[in-house]
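Source file: protein16.pdb; contents: PDB, C-alpha atoms.
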```pdb
ATOM      1  CA  MET A  26      -9.194  26.630 101.848
ATOM      2  CA  TYR A  27      -6.418  24.057 102.140
ATOM      3  CA  ALA A  28      -2.813  24.835 101.497
ATOM      4  CA  ASP A  29      -0.840  22.842  98.928
ATOM      5  CA  GLY A  30       1.041  21.103 101.747
ATOM      6  CA  VAL A  31      -2.164  19.826 103.208
ATOM      7  CA  TYR A  32      -3.049  18.200  99.841
ATOM      8  CA  GLN A  33       0.244  16.337  99.947
ATOM      9  CA  GLN A  34      -0.135  15.201 103.532
ATOM     10  CA  CYS A  35      -3.688  14.025 103.249
ATOM     11  CA  GLY A  36      -3.302  12.438  99.809
ATOM     12  CA  THR A  37      -6.738  13.687  98.761
ATOM     13  CA  LYS A  38      -8.055  16.309  96.346
ATOM     14  CA  PRO A  39     -10.827  18.766  96.935
ATOM     15  CA  ARG A  40     -14.305  17.913  95.726
ATOM     16  CA  PHE A  41     -14.329  20.623  93.033
ATOM     17  CA  ALA A  42     -11.215  19.162  91.322
ATOM     18  CA  THR A  43     -12.828  15.735  91.041
ATOM     19  CA  SER A  44     -15.994  17.256  89.595
ATOM     20  CA  ARG A  45     -13.984  19.187  87.049
ATOM     21  CA  ALA A  46     -12.155  16.046  85.846
ATOM     22  CA  SER A  47     -15.455  14.194  85.597
ATOM     23  CA  GLY A  48     -16.912  17.041  83.537
ATOM     24  CA  VAL A  49     -13.992  16.996  81.113
ATOM     25  CA  ALA A  50     -14.341  13.235  80.705
ATOM     26  CA  LEU A  51     -18.081  13.579  80.119
ATOM     27  CA  VAL A  52     -17.548  16.254  77.474
ATOM     28  CA  ALA A  53     -14.955  14.055  75.782
ATOM     29  CA  VAL A  54     -17.330  11.085  75.789
ATOM     30  CA  LEU A  55     -20.181  13.208  74.415
ATOM     31  CA  PHE A  56     -17.897  14.600  71.712
ATOM     32  CA  LEU A  57     -16.794  11.093  70.784
ATOM     33  CA  VAL A  58     -20.403   9.889  70.671
ATOM     34  CA  ALA A  59     -21.359  12.861  68.502
ATOM     35  CA  LEU A  60     -18.420  12.212  66.192
ATOM     36  CA  LEU A  61     -19.308   8.531  65.867
ATOM     37  CA  SER A  62     -22.929   9.489  65.214
ATOM     38  CA  MET A  63     -21.840  11.863  62.473
ATOM     39  CA  ILE A  64     -19.664   9.171  60.924
ATOM     40  CA  ALA A  65     -22.515   6.672  61.136
ATOM     41  CA  VAL A  66     -24.955   9.128  59.505
ATOM     42  CA  SER A  67     -22.403   9.924  56.787
ATOM     43  CA  VAL A  68     -21.774   6.247  56.087
ATOM     44  CA  LEU A  69     -25.518   5.547  56.055
ATOM     45  CA  SER A  70     -26.153   8.498  53.723
ATOM     46  CA  THR A  71     -23.330   7.440  51.402
ATOM     47  CA  THR A  72     -24.565   3.860  51.389
ATOM     48  CA  ARG A  73     -28.094   4.988  50.640
ATOM     49  CA  MET A  74     -26.873   7.301  47.869
ATOM     50  CA  ARG A  75     -24.771   4.552  46.342
ATOM     51  CA  SER A  76     -27.711   2.216  46.571
ATOM     52  CA  GLN A  77     -29.927   4.734  44.773
ATOM     53  CA  ILE A  78     -27.280   5.312  42.105
ATOM     54  CA  SER A  79     -26.837   1.592  41.634
ATOM     55  CA  ALA A  80     -30.593   1.127  41.391
ATOM     56  CA  ARG A  81     -30.866   3.864  38.746
ATOM     57  CA  GLN A  82     -27.928   2.464  36.815
ATOM     58  CA  PHE A  83     -29.557  -0.937  36.888
ATOM     59  CA  GLU A  84     -32.839   0.571  35.697
ATOM     60  CA  SER A  85     -31.007   2.389  32.889
ATOM     61  CA  ILE A  86     -29.345  -0.839  31.817
ATOM     62  CA  GLN A  87     -32.701  -2.617  31.926
ATOM     63  CA  ALA A  88     -34.317   0.119  29.819
ATOM     64  CA  THR A  89     -31.467   0.022  27.293
ATOM     65  CA  GLU A  90     -31.583  -3.759  26.989
ATOM     66  CA  THR A  91     -35.363  -3.646  26.605
ATOM     67  CA  VAL A  92     -35.036  -1.148  23.730
ATOM     68  CA  ASP A  93     -32.317  -3.227  22.048
ATOM     69  CA  SER A  94     -34.526  -6.309  22.242
ATOM     70  CA  ALA A  95     -37.402  -4.407  20.643
ATOM     71  CA  LEU A  96     -35.113  -3.125  17.878
ATOM     72  CA  ARG A  97     -33.807  -6.624  17.172
ATOM     73  CA  GLN A  98     -37.334  -8.004  17.023
ATOM     74  CA  THR A  99     -38.372  -5.232  14.621
ATOM     75  CA  LEU A 100     -35.365  -5.856  12.379
ATOM     76  CA  ILE A 101     -36.157  -9.574  12.192
ATOM     77  CA  GLU A 102     -39.785  -8.857  11.334
ATOM     78  CA  LEU A 103     -38.785  -6.371   8.626
ATOM     79  CA  ALA A 104     -36.215  -8.762   7.161
ATOM     80  CA  ALA A 105     -38.715 -11.639   7.017
ATOM     81  CA  PRO A 106     -42.209 -10.184   7.455
ATOM     82  CA  ARG A 107     -44.966 -12.585   8.338
ATOM     83  CA  ASP A 108     -47.382 -10.256   6.597
ATOM     84  CA  PRO A 109     -46.219  -9.868   2.954
ATOM     85  CA  GLN A 110     -48.423  -6.794   2.565
ATOM     86  CA  SER A 111     -46.376  -4.784   5.060
ATOM     87  CA  ALA A 112     -43.688  -2.502   3.564
ATOM     88  CA  LEU A 113     -42.397   1.071   3.584
ATOM     89  CA  VAL A 114     -42.982   3.670   0.923
ATOM     90  CA  SER A 115     -39.636   5.119  -0.176
ATOM     91  CA  GLY A 116     -38.845   7.906   2.262
ATOM     92  CA  GLY A 117     -41.757   6.864   4.480
ATOM     93  CA  ARG A 118     -42.047   6.291   8.200
ATOM     94  CA  LEU A 119     -43.953   4.057  10.552
ATOM     95  CA  THR A 120     -44.258   3.846  14.306
ATOM     96  CA  ARG A 121     -45.063   0.593  16.017
ATOM     97  CA  GLN A 122     -45.490  -0.665  19.569
ATOM     98  CA  VAL A 123     -43.407  -3.714  20.419
ATOM     99  CA  ALA A 124     -44.615  -5.764  23.396
ATOM    100  CA  LEU A 125     -41.924  -7.531  25.404
ATOM    101  CA  PHE A 126     -43.285  -9.395  28.418
ATOM    102  CA  ASP A 127     -44.892  -6.607  30.490
ATOM    103  CA  GLU A 128     -43.072  -3.804  28.631
ATOM    104  CA  VAL A 129     -44.145  -1.851  25.549
ATOM    105  CA  VAL A 130     -41.477  -0.123  23.461
ATOM    106  CA  ALA A 131     -42.237   2.536  20.856
ATOM    107  CA  VAL A 132     -40.154   1.937  17.725
ATOM    108  CA  SER A 133     -40.091   4.276  14.712
ATOM    109  CA  VAL A 134     -38.854   3.049  11.332
ATOM    110  CA  GLU A 135     -37.718   5.361   8.526
ATOM    111  CA  LEU A 136     -35.972   4.894   5.222
ATOM    112  CA  GLU A 137     -32.673   6.760   5.227
ATOM    113  CA  SER A 138     -33.335   7.824   1.640
ATOM    114  CA  GLY A 139     -35.622  10.526   3.040
ATOM    115  CA  ARG A 140     -32.572  12.510   4.153
ATOM    116  CA  VAL A 141     -29.983  14.529   2.219
ATOM    117  CA  ASP A 142     -26.780  12.547   1.651
ATOM    118  CA  ILE A 143     -23.918  14.996   2.196
ATOM    119  CA  ASN A 144     -21.516  12.839   0.174
ATOM    120  CA  PHE A 145     -23.667  12.568  -2.972
ATOM    121  CA  SER A 146     -25.912  15.674  -3.095
ATOM    122  CA  ASP A 147     -25.056  18.441  -5.547
ATOM    123  CA  GLU A 148     -24.616  22.108  -4.693
ATOM    124  CA  LEU A 149     -28.234  23.017  -5.416
ATOM    125  CA  THR A 150     -29.675  20.287  -3.192
ATOM    126  CA  LEU A 151     -27.282  21.189  -0.374
ATOM    127  CA  SER A 152     -28.224  24.863  -0.747
ATOM    128  CA  ALA A 153     -31.899  23.933  -0.546
ATOM    129  CA  ILE A 154     -31.519  22.028   2.728
ATOM    130  CA  PHE A 155     -29.492  24.831   4.336
ATOM    131  CA  ILE A 156     -32.181  27.327   3.312
ATOM    132  CA  ALA A 157     -34.780  25.029   4.879
ATOM    133  CA  LEU A 158     -32.698  25.062   8.082
ATOM    134  CA  GLY A 159     -32.859  28.876   8.242
ATOM    135  CA  PHE A 160     -29.787  30.066   6.338
ATOM    136  CA  ALA A 161     -30.110  33.067   4.022
ATOM    137  CA  GLU A 162     -29.854  32.029   0.373
ATOM    138  CA  ASP A 163     -26.357  33.488  -0.197
ATOM    139  CA  SER A 164     -25.096  31.926   3.040
ATOM    140  CA  ALA A 165     -26.737  28.603   2.147
ATOM    141  CA  ARG A 166     -24.929  28.498  -1.199
ATOM    142  CA  THR A 167     -21.634  29.332   0.521
ATOM    143  CA  GLN A 168     -22.142  26.510   3.026
ATOM    144  CA  ALA A 169     -23.056  24.101   0.226
ATOM    145  CA  GLN A 170     -19.788  24.957  -1.529
ATOM    146  CA  ARG A 171     -17.860  24.473   1.716
ATOM    147  CA  VAL A 172     -19.410  21.025   2.135
ATOM    148  CA  ILE A 173     -18.292  20.148  -1.399
ATOM    149  CA  ASP A 174     -14.775  21.452  -0.675
ATOM    150  CA  TRP A 175     -14.659  19.327   2.475
ATOM    151  CA  ARG A 176     -15.437  16.111   0.620
ATOM    152  CA  ASP A 177     -13.662  16.614  -2.713
ATOM    153  CA  ALA A 178     -10.096  15.407  -3.173
ATOM    154  CA  ASP A 179      -8.553  18.633  -4.486
ATOM    155  CA  ASP A 180      -7.427  21.875  -2.838
ATOM    156  CA  GLN A 181      -9.249  24.146  -5.291
ATOM    157  CA  VAL A 182     -11.821  26.447  -3.699
ATOM    158  CA  THR A 183     -15.341  25.919  -5.077
ATOM    159  CA  GLY A 184     -16.928  29.352  -5.592
ATOM    160  CA  HIS A 185     -17.122  30.875  -2.101
ATOM    161  CA  GLY A 186     -16.191  27.597  -0.442
ATOM    162  CA  ALA A 187     -13.246  26.921   1.840
ATOM    163  CA  GLU A 188     -10.025  24.952   1.659
ATOM    164  CA  ARG A 189      -7.166  24.806   4.179
ATOM    165  CA  ALA A 190      -6.138  28.459   3.797
ATOM    166  CA  GLU A 191      -9.650  29.668   4.689
ATOM    167  CA  TYR A 192      -9.715  27.453   7.772
ATOM    168  CA  GLU A 193      -6.337  28.812   8.874
ATOM    169  CA  ARG A 194      -7.540  32.401   8.443
ATOM    170  CA  ALA A 195     -10.532  31.503  10.638
ATOM    171  CA  GLY A 196      -8.118  30.414  13.392
ATOM    172  CA  LEU A 197      -8.804  26.695  12.987
ATOM    173  CA  ARG A 198      -5.997  24.179  13.254
ATOM    174  CA  TYR A 199      -7.474  21.798  10.711
ATOM    175  CA  GLY A 200      -8.640  21.873   7.132
ATOM    176  CA  PRO A 201     -11.095  19.920   5.007
ATOM    177  CA  ARG A 202     -10.872  16.135   5.025
ATOM    178  CA  ASN A 203     -10.684  16.056   1.205
ATOM    179  CA  ALA A 204     -12.549  12.779   1.411
ATOM    180  CA  SER A 205     -16.106  11.605   2.054
ATOM    181  CA  PHE A 206     -17.866  12.456   5.293
ATOM    182  CA  GLU A 207     -17.805   9.532   7.702
ATOM    183  CA  SER A 208     -20.643  10.843   9.867
ATOM    184  CA  VAL A 209     -23.223  13.616   9.783
ATOM    185  CA  TYR A 210     -21.650  14.946  13.007
ATOM    186  CA  GLU A 211     -18.586  15.809  10.908
ATOM    187  CA  LEU A 212     -20.666  18.593   9.331
ATOM    188  CA  ARG A 213     -20.015  20.642  12.475
ATOM    189  CA  GLN A 214     -16.333  20.769  11.531
ATOM    190  CA  VAL A 215     -17.119  22.463   8.215
ATOM    191  CA  LEU A 216     -16.352  26.180   8.372
ATOM    192  CA  GLY A 217     -19.531  28.031   9.425
ATOM    193  CA  LEU A 218     -21.508  24.970  10.511
ATOM    194  CA  ALA A 219     -20.255  24.484  14.089
ATOM    195  CA  LYS A 220     -23.623  25.524  15.553
ATOM    196  CA  LEU A 221     -25.772  22.985  13.721
ATOM    197  CA  SER A 222     -28.086  21.420  16.288
ATOM    198  CA  ASP A 223     -28.867  17.729  16.697
ATOM    199  CA  ALA A 224     -32.291  18.487  15.218
ATOM    200  CA  ASP A 225     -30.612  20.064  12.159
ATOM    201  CA  LEU A 226     -28.419  17.007  11.677
ATOM    202  CA  GLU A 227     -31.577  14.841  11.436
ATOM    203  CA  ALA A 228     -31.971  16.192   7.875
ATOM    204  CA  PHE A 229     -28.691  14.605   6.711
ATOM    205  CA  THR A 230     -27.265  11.148   6.119
ATOM    206  CA  VAL A 231     -24.125   9.462   4.796
ATOM    207  CA  TYR A 232     -25.820   6.147   4.026
ATOM    208  CA  SER A 233     -28.399   6.587   1.246
ATOM    209  CA  HIS A 234     -25.906   7.353  -1.572
ATOM    210  CA  LEU A 235     -28.652   9.253  -3.422
ATOM    211  CA  PRO A 236     -28.117  12.659  -5.090
ATOM    212  CA  THR A 237     -31.638  13.772  -4.110
ATOM    213  CA  PRO A 238     -34.207  12.432  -1.616
ATOM    214  CA  PRO A 239     -37.277  10.762  -3.209
ATOM    215  CA  ASN A 240     -40.819  12.070  -3.512
ATOM    216  CA  GLN A 241     -41.860  11.462   0.049
ATOM    217  CA  THR A 242     -39.929  12.049   3.238
ATOM    218  CA  SER A 243     -40.824  12.199   6.910
ATOM    219  CA  VAL A 244     -38.211  14.891   7.661
ATOM    220  CA  ALA A 245     -39.827  18.348   7.686
ATOM    221  CA  ALA A 246     -36.694  20.257   6.636
ATOM    222  CA  VAL A 247     -36.175  17.927   3.660
ATOM    223  CA  LYS A 248     -39.788  18.462   2.560
ATOM    224  CA  GLN A 249     -39.167  22.226   2.564
ATOM    225  CA  ALA A 250     -35.907  21.772   0.663
ATOM    226  CA  LEU A 251     -37.602  19.699  -2.044
ATOM    227  CA  GLN A 252     -40.338  22.326  -2.395
ATOM    228  CA  TRP A 253     -37.652  24.995  -2.843
ATOM    229  CA  LEU A 254     -35.942  22.854  -5.483
ATOM    230  CA  ARG A 255     -39.189  22.370  -7.424
ATOM    231  CA  ALA A 256     -39.837  26.114  -7.372
ATOM    232  CA  ARG A 257     -36.342  26.852  -8.761
ATOM    233  CA  GLN A 258     -36.213  23.913 -11.141
ATOM    234  CA  PRO A 259     -39.626  22.484 -12.100
ATOM    235  CA  ASP A 260     -37.917  19.616 -13.916
ATOM    236  CA  HIS A 261     -35.732  18.734 -10.917
ATOM    237  CA  SER A 262     -35.671  15.037 -10.037
ATOM    238  CA  ALA A 263     -37.344  15.714  -6.682
ATOM    239  CA  GLY A 264     -40.931  14.498  -6.832
ATOM    240  CA  ASP A 265     -44.154  15.676  -5.242
ATOM    241  CA  THR A 266     -43.743  16.101  -1.480
ATOM    242  CA  THR A 267     -47.203  17.392  -0.665
ATOM    243  CA  GLN A 268     -48.530  13.980   0.359
ATOM    244  CA  GLU A 269     -47.860  12.685   3.809
ATOM    245  CA  SER A 270     -45.383   9.808   3.928
ATOM    246  CA  GLN A 271     -47.040   6.578   4.948
ATOM    247  CA  ILE A 272     -46.770   2.825   5.169
ATOM    248  CA  ALA A 273     -47.965   1.188   1.986
ATOM    249  CA  ALA A 274     -49.963  -1.995   1.764
ATOM    250  CA  ASN A 275     -48.099  -2.928  -1.382
ATOM    251  CA  SER A 276     -46.342  -6.257  -1.683
ATOM    252  CA  ASP A 277     -44.307  -4.979  -4.650
ATOM    253  CA  VAL A 278     -42.338  -2.666  -2.338
ATOM    254  CA  HIS A 279     -39.570  -4.374  -0.375
ATOM    255  CA  LEU A 280     -36.617  -3.376   1.774
ATOM    256  CA  ILE A 281     -33.813  -5.323   0.088
ATOM    257  CA  GLY A 282     -30.992  -2.870  -0.553
ATOM    258  CA  GLU A 283     -32.673  -0.128   1.487
ATOM    259  CA  VAL A 284     -31.003   1.626   4.409
ATOM    260  CA  VAL A 285     -33.388   1.907   7.346
ATOM    261  CA  ARG A 286     -33.171   3.928  10.552
ATOM    262  CA  LEU A 287     -34.899   2.596  13.673
ATOM    263  CA  ARG A 288     -35.310   4.489  16.920
ATOM    264  CA  GLY A 289     -36.711   2.888  20.058
ATOM    265  CA  CYS A 290     -37.481   4.334  23.471
ATOM    266  CA  ALA A 291     -38.482   2.691  26.756
ATOM    267  CA  THR A 292     -39.122   3.776  30.324
ATOM    268  CA  LYS A 293     -38.176   1.652  33.324
ATOM    269  CA  SER A 294     -39.381   3.072  36.625
ATOM    270  CA  ARG A 295     -37.501   6.399  36.805
ATOM    271  CA  SER A 296     -35.149   5.763  33.869
ATOM    272  CA  HIS A 297     -35.723   6.521  30.187
ATOM    273  CA  ALA A 298     -33.572   5.252  27.319
ATOM    274  CA  CYS A 299     -33.589   5.696  23.537
ATOM    275  CA  ARG A 300     -31.416   3.898  20.993
ATOM    276  CA  VAL A 301     -30.819   4.431  17.260
ATOM    277  CA  VAL A 302     -29.970   1.761  14.698
ATOM    278  CA  ILE A 303     -29.123   2.228  11.006
ATOM    279  CA  VAL A 304     -28.913  -0.897   8.829
ATOM    280  CA  ARG A 305     -29.002  -1.950   5.195
ATOM    281  CA  PHE A 306     -31.178  -4.956   4.325
ATOM    282  CA  THR A 307     -29.186  -7.390   2.215
ATOM    283  CA  GLY A 308     -31.765  -9.984   1.256
ATOM    284  CA  ASN A 309     -29.328 -12.645   2.431
ATOM    285  CA  ALA A 310     -30.998 -15.221   4.692
ATOM    286  CA  THR A 311     -27.768 -15.813   6.641
ATOM    287  CA  ASN A 312     -26.902 -12.136   7.146
ATOM    288  CA  PRO A 313     -30.161 -10.273   6.490
ATOM    289  CA  PHE A 314     -28.844  -6.815   7.381
ATOM    290  CA  LEU A 315     -25.611  -4.870   7.589
ATOM    291  CA  VAL A 316     -25.364  -2.670  10.683
ATOM    292  CA  PHE A 317     -23.886   0.797  10.107
ATOM    293  CA  LEU A 318     -24.764   2.331  13.457
ATOM    294  CA  TRP A 319     -26.128   1.131  16.794
ATOM    295  CA  GLN A 320     -25.834   3.718  19.513
ATOM    296  CA  THR A 321     -27.480   5.404  22.465
ATOM    297  CA  ASP A 322     -29.609   8.406  21.560
ATOM    298  CA  PHE A 323     -30.610   9.283  25.137
ATOM    299  CA  VAL A 324     -30.388   7.803  28.632
ATOM    300  CA  GLY A 325     -31.569   9.712  31.675
ATOM    301  CA  SER A 326     -33.657   9.823  34.817
ATOM    302  CA  LEU A 327     -37.231  11.036  34.878
TER     303      LEU A 327
END
```

Can the structure in the file be given as structure tokens, please?
Amino acid sequence: MYADGVYQQCGTKPRFATSRASGVALVAVLFLVALLSMIAVSVLSTTRMRSQISARQFESIQATETVDSALRQTLIELAAPRDPQSALVSGGRLTRQVALFDEVVAVSVELESGRVDINFSDELTLSAIFIALGFAEDSARTQAQRVIDWRDADDQVTGHGAERAEYERAGLRYGPRNASFESVYELRQVLGLAKLSDADLEAFTVYSHLPTPPNQTSVAAVKQALQWLRARQPDHSAGDTTQESQIAANSDVHLIGEVVRLRGCATKSRSHACRVVIVRFTGNATNPFLVFLWQTDFVGSL
């Protein structure tokens, strides 16, 4: 062993001190390398993730644009059909495949008249559709009256309906609109109807302006409602709904003045997109249809 004085005189350090310093430096270098490696892996992973997200977003946009193109093509063909024999039965439905380059888009076409218009239907028709959706008869009549109270201009309670006071007692900070429904989604704001599903809302419309759906309809719940109406009132304006709705080869039937709902879906690689369009055909060559709604129904990854 050397004394501290000897270290100072000789100007040298023992071998074990040098080795220790080298070891610390090596550990520091290894730690730095590991840290840089972790940063590099993190950056690479983030870049890859962002690339995948960007690719999926691009695919979703492609799928959406493909569907929109198919919907536009279908609208043009319906407004000015090349085949004069092609038309829709009132309340009917058709499904067609639209080919766009190497893509095929499934497009369904329905007349909006096959749904219950919540702004024009009477209490009995509204009761019938709520019964078809699973409500007990007493509850269905109550909900029908609440729908009427929502849309009428007065503050008088209809039967067992609901005006502002009933909404306040239920702990809600709003009352009826006292005006027409602007959307079927507004039904969920009516007292007692908050849990209506998207599938339930398919039975309703705000565009047909008809008090009762016609003979034929492609909506199952509306078919059941019309059957219930016929059983209660044999002379009710609802017609026979036992036949399946179909596309008629009848040149006398046209779409001018009709409100039509189109739904298209397309898949692009791992992305799937569906869009919904509701229009009224005007018969005007310059502006052949009036668009009420054009929105995304579903966009997601497979």

_On this structure, the PyMOL selection byres ((chain A and resi 178) around 8) would catch which residues? List them as a ChimeraX atom specification, sorted by chain and number._
/A:176-177,179-180,203-204

CA of Arg121 in chain A to CA of Arg140 in chain A, straight-line distance in Å: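 Atom-to-atom, CA of Arg140 in chain A and CA of Arg121 in chain A are spaced 20.9 Å apart.
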
One residue among A:Cys290, A:Val172, A:Leu254, A:Leu158 is nearest to Thr120 in chain A when using all atoms listed in the file, and that residue is A:Cys290

Using only C-alpha atoms, the residue out of A:Ala246, A:Asp225, A:Asp93, A:Pro201 with shortest distance to Asp322 in chain A is A:Asp93

Item checked: Ground truth for the PyMOL selection byres ((chain A and resi 305-313) around 12), written as number ranges by chain -> A: 97, 100-105, 135-138, 232-234, 279-287, 302-304, 314-318
